[in-house]
Amino acid sequence: MKIGLYGRISGMDNADKLKNLVNILRENAEICIYHPFWVYLQEILDTNIPCEQFSSIKDIDKNLNCLLSAGGDGTFLEAAQFAIEHQIPILGINFGRLGFLAQISANDMEPALKGMFEHNYDIEKRSLISVYNEKNEIFSSYALNEVTIQRNNPTMLKTTVWINDELLSSYWSDGILVSTPTGSTAYSLSVGGPVVLPDTQNFVITPISPHNLNIRPIIISDKSEISIEITTRKGTAALSMDNKMFEILSNTKVKIKKSQQVLNFMKLKDYNFFKTLRTKLNWGIDIRN
C-alpha cells in the first residue's frame with residue numbers, strides 16, 4: 001500500500017502524535033509526503049525520513065491508495081485539491097479542533113489506520129460545486145464545502161437569486177452562501193443553515209445576516225442551476241470557494257452548478273455521521289440524560 005501524507009506547519013504541540021503517525025505509516029506502507037510538511041517533520045522529529053515527496057498537484061503519485069490529511073478541516077480542504085484532481089481516496093486525521101472532515105481523532109489513529117491497512121472502509125462520493133461566469137466559462141473548478149458571496153465593506157449587499165432561470169428572491173444582507181451536503185456542518189451551520197446528510201443530493205442556500213427576518217434557508221436539488229447577481233454601492237464584493245477568495249465587481253452575475261468531479265471520501269467502517277454530530281455538537285448533552 002502506498003500512502004500520501006499532507007499537513008501544515010503547526011508548531012511543537014503535536015510532535016509526539018506526528019512521530020507516532022509517521023512510525024505507523026513507515027511500518028505498514030510506502031509513504032509519499034508533501035515536501036514542505038516533510039521538511040517540517042524532519043525538523044520537529046529530529047530524524048531523517050527517507051521517502052518520496054510531492055510539491056504540487058502535477059507531481060503527486062496518481063496511484064496512491066490513499067491521501068492522509070494531518071490537521072483540521074482547513075488542512076483537509078487543502079489536501080482535497082490533490083485528491084480530487086487524481087481521484088485519490090482521502091482520509092483526515094484531526095490534529096485541529098472541531099474537525100467534521102477530519103474524522104479520526106489523533107488520539108485514536110492507531111486502530112483507525114489499522115482498519116485502513118486492512119481495507120476495512122467504504123468510499124463515499126462527496127459532491128462538489130463549480131462556479132461559472134455569464135459566458136458559461138468556468139470561474140473556479142470546485143468547492144467541497146460552500147460558495148459564498150459577501151460584502152467586503154460596511155455597505156449591505158443585494159444578491160438576486162434565480163433557480164433554473166426562475167426568480168427565487170432578492171436578499172439584502174451581508175451575503176449569501178450555497179452549501180453542499182458536506183458543507184452543511186461548516187460555515188452554513190454557523191449562519192443558521194440546516195444539517196443535511198452527506199449522501200443527499202442537494203444544495204442549501206442560506207442568506208448571511210439578512211435584513212429581512214422572515215428570510216430562511218432553502219434546500220434545493222443539486223441538479224438545479226443557481227444564478228446570482230451581485231449589487232453593491234461600493235463597487236466590489238468577495239466570492240469565496242472553501243479557502244479560496246476572489247474579488248468580483250458589482251452587477252456581476254455568476255452561475256453555480258454541481259461539479260462533474262467528486263471527492264472520494266474514505267469512510268471507515270465504524271464511522272457514523274450521527275455519532276459525529278452527537279460528539280462534535282454535543283447533541284443529547286442534557287442533565288436529564
# chains A, B, ... in the order shown; residues from 1 in each chain; ligands from 1
$ residues_around --residues "Ser56 of chain A" --least-positions-apart "6" --cutoff "12 Å" --atoms "only C-alpha atoms" --output "list in words"
Tyr6, Ile33, Tyr34, His35, Pro36, Lys62, Glu78, Ala79, Gln81, Phe82, Ala83 and Glu85 of chain A
$ residues_around --residues "Thr206 of chain A" --least-positions-apart "3" --cutoff "9 Å" --atoms "only C-alpha atoms" --output "JSON, numbers by chain"
{"A": [175, 176, 177, 178, 179, 188, 191, 192, 193, 215, 216, 217, 218, 219]}
$ write_last_selection --atoms "C-alpha atoms" --output "compact mmCIF listing (two decimals), in the first residue's frame"
# COMPACT_ATOMS: atom_id res chain seq x y z
CA GLY A 175 -24.07 37.97 1.66
CA ILE A 176 -25.32 34.59 0.57
CA LEU A 177 -23.98 31.06 0.90
CA VAL A 178 -24.54 27.96 -1.24
CA SER A 179 -23.50 24.77 0.50
CA SER A 188 -23.58 27.12 6.55
CA VAL A 191 -25.22 31.17 9.78
CA GLY A 192 -28.37 29.17 10.53
CA GLY A 193 -28.46 26.56 7.75
CA ILE A 215 -36.00 35.08 5.04
CA ARG A 216 -34.95 31.49 5.74
CA PRO A 217 -32.56 28.91 4.24
CA ILE A 218 -33.88 26.75 1.42
CA ILE A 219 -32.86 23.27 0.25
$ atom_distance --atom1 "atom CA of Ala106 of chain A" --atom2 "atom CA of Gly72 of chain A"
10.4 Å
$ atom_distance --atom1 "atom CA of Ile226 of chain A" --atom2 "atom CA of Glu124 of chain A"
25.0 Å
$ closest_residue --among "A:Ile88, A:Ile248, A:Ile104, A:Met109" --to "Lys125 of chain A" --atoms "only C-alpha atoms"
A:Ile88
$ closest_residue --among "A:Cys66, A:Leu263, A:Met245, A:Leu91" --to "Leu128 of chain A" --atoms "only C-alpha atoms"
A:Leu263
$ select_by_dssp --residues "segment 13-249 of chain A" --states "strand (DSSP E or B)" --output "NGL selection string"
:A and (30-34 or 52-54 or 66-71 or 90-94 or 104-105 or 121-132 or 138-143 or 146-151 or 157-163 or 166-173 or 175-179 or 202-208 or 218-221 or 226-231 or 236-241 or 244-249)
$ select_by_dssp --residues "segment 74-264 of chain A" --states "alpha helix (DSSP H)" --output "VMD selection string"
chain A and resid 74 to 86 109 to 117 187 to 190
$ closest_residue --among "A:Pro207, A:Gly115, A:Gly92, A:Gly183" --to "Phe265 of chain A" --atoms "only C-alpha atoms"
A:Gly92
$ closest_residue --among "A:Met266, A:Ala15, A:Val22, A:Leu168" --to "Glu43 of chain A" --atoms "only C-alpha atoms"
A:Ala15
$ residues_around --residues "Pro181 of chain A" --least-positions-apart "6" --cutoff "10 Å" --atoms "only C-alpha atoms" --output "count of residues only"
19
$ atom_distance --atom1 "atom CA of Asn212 of chain A" --atom2 "atom CA of Thr160 of chain A"
13.8 Å
$ closest_residue --among "A:Cys51, A:Pro89, A:Ser227, A:Asn23" --to "Glu166 of chain A" --atoms "only C-alpha atoms"
A:Ser227
$ decode --residues "segment 223-260 of chain A" --atoms "N, CA and C atoms" --output "PDB file, in the first residue's frame"
ATOM      1  N   LYS A 223     -29.359  19.134  -8.890  1.00  0.00           N
ATOM      2  CA  LYS A 223     -29.466  19.156 -10.350  1.00  0.00           C
ATOM      3  C   LYS A 223     -29.821  20.553 -10.843  1.00  0.00           C
ATOM      4  N   SER A 224     -30.148  21.436  -9.922  1.00  0.00           N
ATOM      5  CA  SER A 224     -30.550  22.801 -10.264  1.00  0.00           C
ATOM      6  C   SER A 224     -29.341  23.655 -10.625  1.00  0.00           C
ATOM      7  N   GLU A 225     -29.600  24.669 -11.432  1.00  0.00           N
ATOM      8  CA  GLU A 225     -28.602  25.694 -11.736  1.00  0.00           C
ATOM      9  C   GLU A 225     -28.996  26.959 -10.998  1.00  0.00           C
ATOM     10  N   ILE A 226     -28.068  27.476 -10.203  1.00  0.00           N
ATOM     11  CA  ILE A 226     -28.321  28.670  -9.400  1.00  0.00           C
ATOM     12  C   ILE A 226     -27.613  29.858 -10.058  1.00  0.00           C
ATOM     13  N   SER A 227     -28.353  30.934 -10.298  1.00  0.00           N
ATOM     14  CA  SER A 227     -27.760  32.171 -10.813  1.00  0.00           C
ATOM     15  C   SER A 227     -27.879  33.244  -9.737  1.00  0.00           C
ATOM     16  N   ILE A 228     -26.791  33.991  -9.529  1.00  0.00           N
ATOM     17  CA  ILE A 228     -26.784  35.033  -8.502  1.00  0.00           C
ATOM     18  C   ILE A 228     -26.197  36.312  -9.097  1.00  0.00           C
ATOM     19  N   GLU A 229     -26.956  37.416  -8.980  1.00  0.00           N
ATOM     20  CA  GLU A 229     -26.464  38.721  -9.405  1.00  0.00           C
ATOM     21  C   GLU A 229     -26.143  39.550  -8.161  1.00  0.00           C
ATOM     22  N   ILE A 230     -24.967  40.170  -8.175  1.00  0.00           N
ATOM     23  CA  ILE A 230     -24.480  40.898  -7.017  1.00  0.00           C
ATOM     24  C   ILE A 230     -24.574  42.391  -7.284  1.00  0.00           C
ATOM     25  N   THR A 231     -25.151  43.140  -6.334  1.00  0.00           N
ATOM     26  CA  THR A 231     -25.223  44.590  -6.454  1.00  0.00           C
ATOM     27  C   THR A 231     -24.734  45.214  -5.155  1.00  0.00           C
ATOM     28  N   THR A 232     -23.770  46.140  -5.272  1.00  0.00           N
ATOM     29  CA  THR A 232     -23.270  46.851  -4.102  1.00  0.00           C
ATOM     30  C   THR A 232     -22.917  48.275  -4.487  1.00  0.00           C
ATOM     31  N   ARG A 233     -23.175  49.229  -3.602  1.00  0.00           N
ATOM     32  CA  ARG A 233     -22.875  50.639  -3.890  1.00  0.00           C
ATOM     33  C   ARG A 233     -21.383  50.940  -3.827  1.00  0.00           C
ATOM     34  N   LYS A 234     -20.609  50.054  -3.243  1.00  0.00           N
ATOM     35  CA  LYS A 234     -19.173  50.291  -3.085  1.00  0.00           C
ATOM     36  C   LYS A 234     -18.327  49.637  -4.189  1.00  0.00           C
ATOM     37  N   GLY A 235     -18.972  48.952  -5.136  1.00  0.00           N
ATOM     38  CA  GLY A 235     -18.239  48.515  -6.317  1.00  0.00           C
ATOM     39  C   GLY A 235     -17.771  47.070  -6.363  1.00  0.00           C
ATOM     40  N   THR A 236     -17.424  46.465  -5.228  1.00  0.00           N
ATOM     41  CA  THR A 236     -16.910  45.090  -5.252  1.00  0.00           C
ATOM     42  C   THR A 236     -17.503  44.271  -4.111  1.00  0.00           C
ATOM     43  N   ALA A 237     -17.397  42.961  -4.278  1.00  0.00           N
ATOM     44  CA  ALA A 237     -17.780  42.010  -3.234  1.00  0.00           C
ATOM     45  C   ALA A 237     -16.749  40.886  -3.237  1.00  0.00           C
ATOM     46  N   ALA A 238     -16.820  40.028  -2.241  1.00  0.00           N
ATOM     47  CA  ALA A 238     -15.873  38.917  -2.127  1.00  0.00           C
ATOM     48  C   ALA A 238     -16.584  37.598  -2.424  1.00  0.00           C
ATOM     49  N   LEU A 239     -16.021  36.819  -3.336  1.00  0.00           N
ATOM     50  CA  LEU A 239     -16.522  35.480  -3.623  1.00  0.00           C
ATOM     51  C   LEU A 239     -15.502  34.481  -3.097  1.00  0.00           C
ATOM     52  N   SER A 240     -15.952  33.562  -2.265  1.00  0.00           N
ATOM     53  CA  SER A 240     -15.042  32.549  -1.736  1.00  0.00           C
ATOM     54  C   SER A 240     -15.548  31.155  -2.073  1.00  0.00           C
ATOM     55  N   MET A 241     -14.583  30.270  -2.321  1.00  0.00           N
ATOM     56  CA  MET A 241     -14.885  28.860  -2.556  1.00  0.00           C
ATOM     57  C   MET A 241     -14.004  28.068  -1.594  1.00  0.00           C
ATOM     58  N   ASP A 242     -14.611  27.589  -0.512  1.00  0.00           N
ATOM     59  CA  ASP A 242     -13.851  26.977   0.575  1.00  0.00           C
ATOM     60  C   ASP A 242     -12.803  27.972   1.078  1.00  0.00           C
ATOM     61  N   ASN A 243     -11.530  27.675   0.876  1.00  0.00           N
ATOM     62  CA  ASN A 243     -10.479  28.552   1.393  1.00  0.00           C
ATOM     63  C   ASN A 243      -9.840  29.411   0.297  1.00  0.00           C
ATOM     64  N   LYS A 244     -10.521  29.548  -0.846  1.00  0.00           N
ATOM     65  CA  LYS A 244     -10.029  30.409  -1.933  1.00  0.00           C
ATOM     66  C   LYS A 244     -10.918  31.652  -2.016  1.00  0.00           C
ATOM     67  N   MET A 245     -10.311  32.830  -2.182  1.00  0.00           N
ATOM     68  CA  MET A 245     -11.050  34.087  -2.176  1.00  0.00           C
ATOM     69  C   MET A 245     -10.770  34.882  -3.453  1.00  0.00           C
ATOM     70  N   PHE A 246     -11.843  35.488  -4.003  1.00  0.00           N
ATOM     71  CA  PHE A 246     -11.730  36.302  -5.211  1.00  0.00           C
ATOM     72  C   PHE A 246     -12.529  37.592  -5.009  1.00  0.00           C
ATOM     73  N   GLU A 247     -12.131  38.649  -5.706  1.00  0.00           N
ATOM     74  CA  GLU A 247     -12.891  39.897  -5.682  1.00  0.00           C
ATOM     75  C   GLU A 247     -13.709  39.991  -6.962  1.00  0.00           C
ATOM     76  N   ILE A 248     -14.987  40.345  -6.831  1.00  0.00           N
ATOM     77  CA  ILE A 248     -15.852  40.475  -8.003  1.00  0.00           C
ATOM     78  C   ILE A 248     -16.518  41.846  -7.993  1.00  0.00           C
ATOM     79  N   LEU A 249     -16.851  42.345  -9.182  1.00  0.00           N
ATOM     80  CA  LEU A 249     -17.435  43.676  -9.322  1.00  0.00           C
ATOM     81  C   LEU A 249     -18.936  43.650  -9.105  1.00  0.00           C
ATOM     82  N   SER A 250     -19.479  44.808  -8.738  1.00  0.00           N
ATOM     83  CA  SER A 250     -20.929  44.951  -8.646  1.00  0.00           C
ATOM     84  C   SER A 250     -21.557  44.679 -10.016  1.00  0.00           C
ATOM     85  N   ASN A 251     -22.766  44.148  -9.996  1.00  0.00           N
ATOM     86  CA  ASN A 251     -23.536  43.779 -11.196  1.00  0.00           C
ATOM     87  C   ASN A 251     -22.977  42.543 -11.896  1.00  0.00           C
ATOM     88  N   THR A 252     -22.048  41.866 -11.257  1.00  0.00           N
ATOM     89  CA  THR A 252     -21.575  40.578 -11.781  1.00  0.00           C
ATOM     90  C   THR A 252     -22.649  39.517 -11.540  1.00  0.00           C
ATOM     91  N   LYS A 253     -22.788  38.626 -12.524  1.00  0.00           N
ATOM     92  CA  LYS A 253     -23.729  37.513 -12.375  1.00  0.00           C
ATOM     93  C   LYS A 253     -22.949  36.207 -12.508  1.00  0.00           C
ATOM     94  N   VAL A 254     -23.104  35.325 -11.546  1.00  0.00           N
ATOM     95  CA  VAL A 254     -22.411  34.035 -11.586  1.00  0.00           C
ATOM     96  C   VAL A 254     -23.431  32.904 -11.586  1.00  0.00           C
ATOM     97  N   LYS A 255     -22.996  31.763 -12.120  1.00  0.00           N
ATOM     98  CA  LYS A 255     -23.822  30.559 -12.116  1.00  0.00           C
ATOM     99  C   LYS A 255     -23.131  29.495 -11.268  1.00  0.00           C
ATOM    100  N   ILE A 256     -23.914  28.801 -10.485  1.00  0.00           N
ATOM    101  CA  ILE A 256     -23.394  27.757  -9.606  1.00  0.00           C
ATOM    102  C   ILE A 256     -24.067  26.435  -9.960  1.00  0.00           C
ATOM    103  N   LYS A 257     -23.239  25.427 -10.222  1.00  0.00           N
ATOM    104  CA  LYS A 257     -23.747  24.112 -10.606  1.00  0.00           C
ATOM    105  C   LYS A 257     -22.980  23.034  -9.851  1.00  0.00           C
ATOM    106  N   LYS A 258     -23.568  21.864  -9.834  1.00  0.00           N
ATOM    107  CA  LYS A 258     -22.861  20.702  -9.300  1.00  0.00           C
ATOM    108  C   LYS A 258     -21.704  20.363 -10.239  1.00  0.00           C
ATOM    109  N   SER A 259     -20.531  20.147  -9.663  1.00  0.00           N
ATOM    110  CA  SER A 259     -19.352  19.816 -10.462  1.00  0.00           C
ATOM    111  C   SER A 259     -19.457  18.402 -11.023  1.00  0.00           C
ATOM    112  N   GLN A 260     -18.796  18.184 -12.145  1.00  0.00           N
ATOM    113  CA  GLN A 260     -18.711  16.839 -12.712  1.00  0.00           C
ATOM    114  C   GLN A 260     -17.718  15.979 -11.940  1.00  0.00           C
TER     115      GLN A 260
END
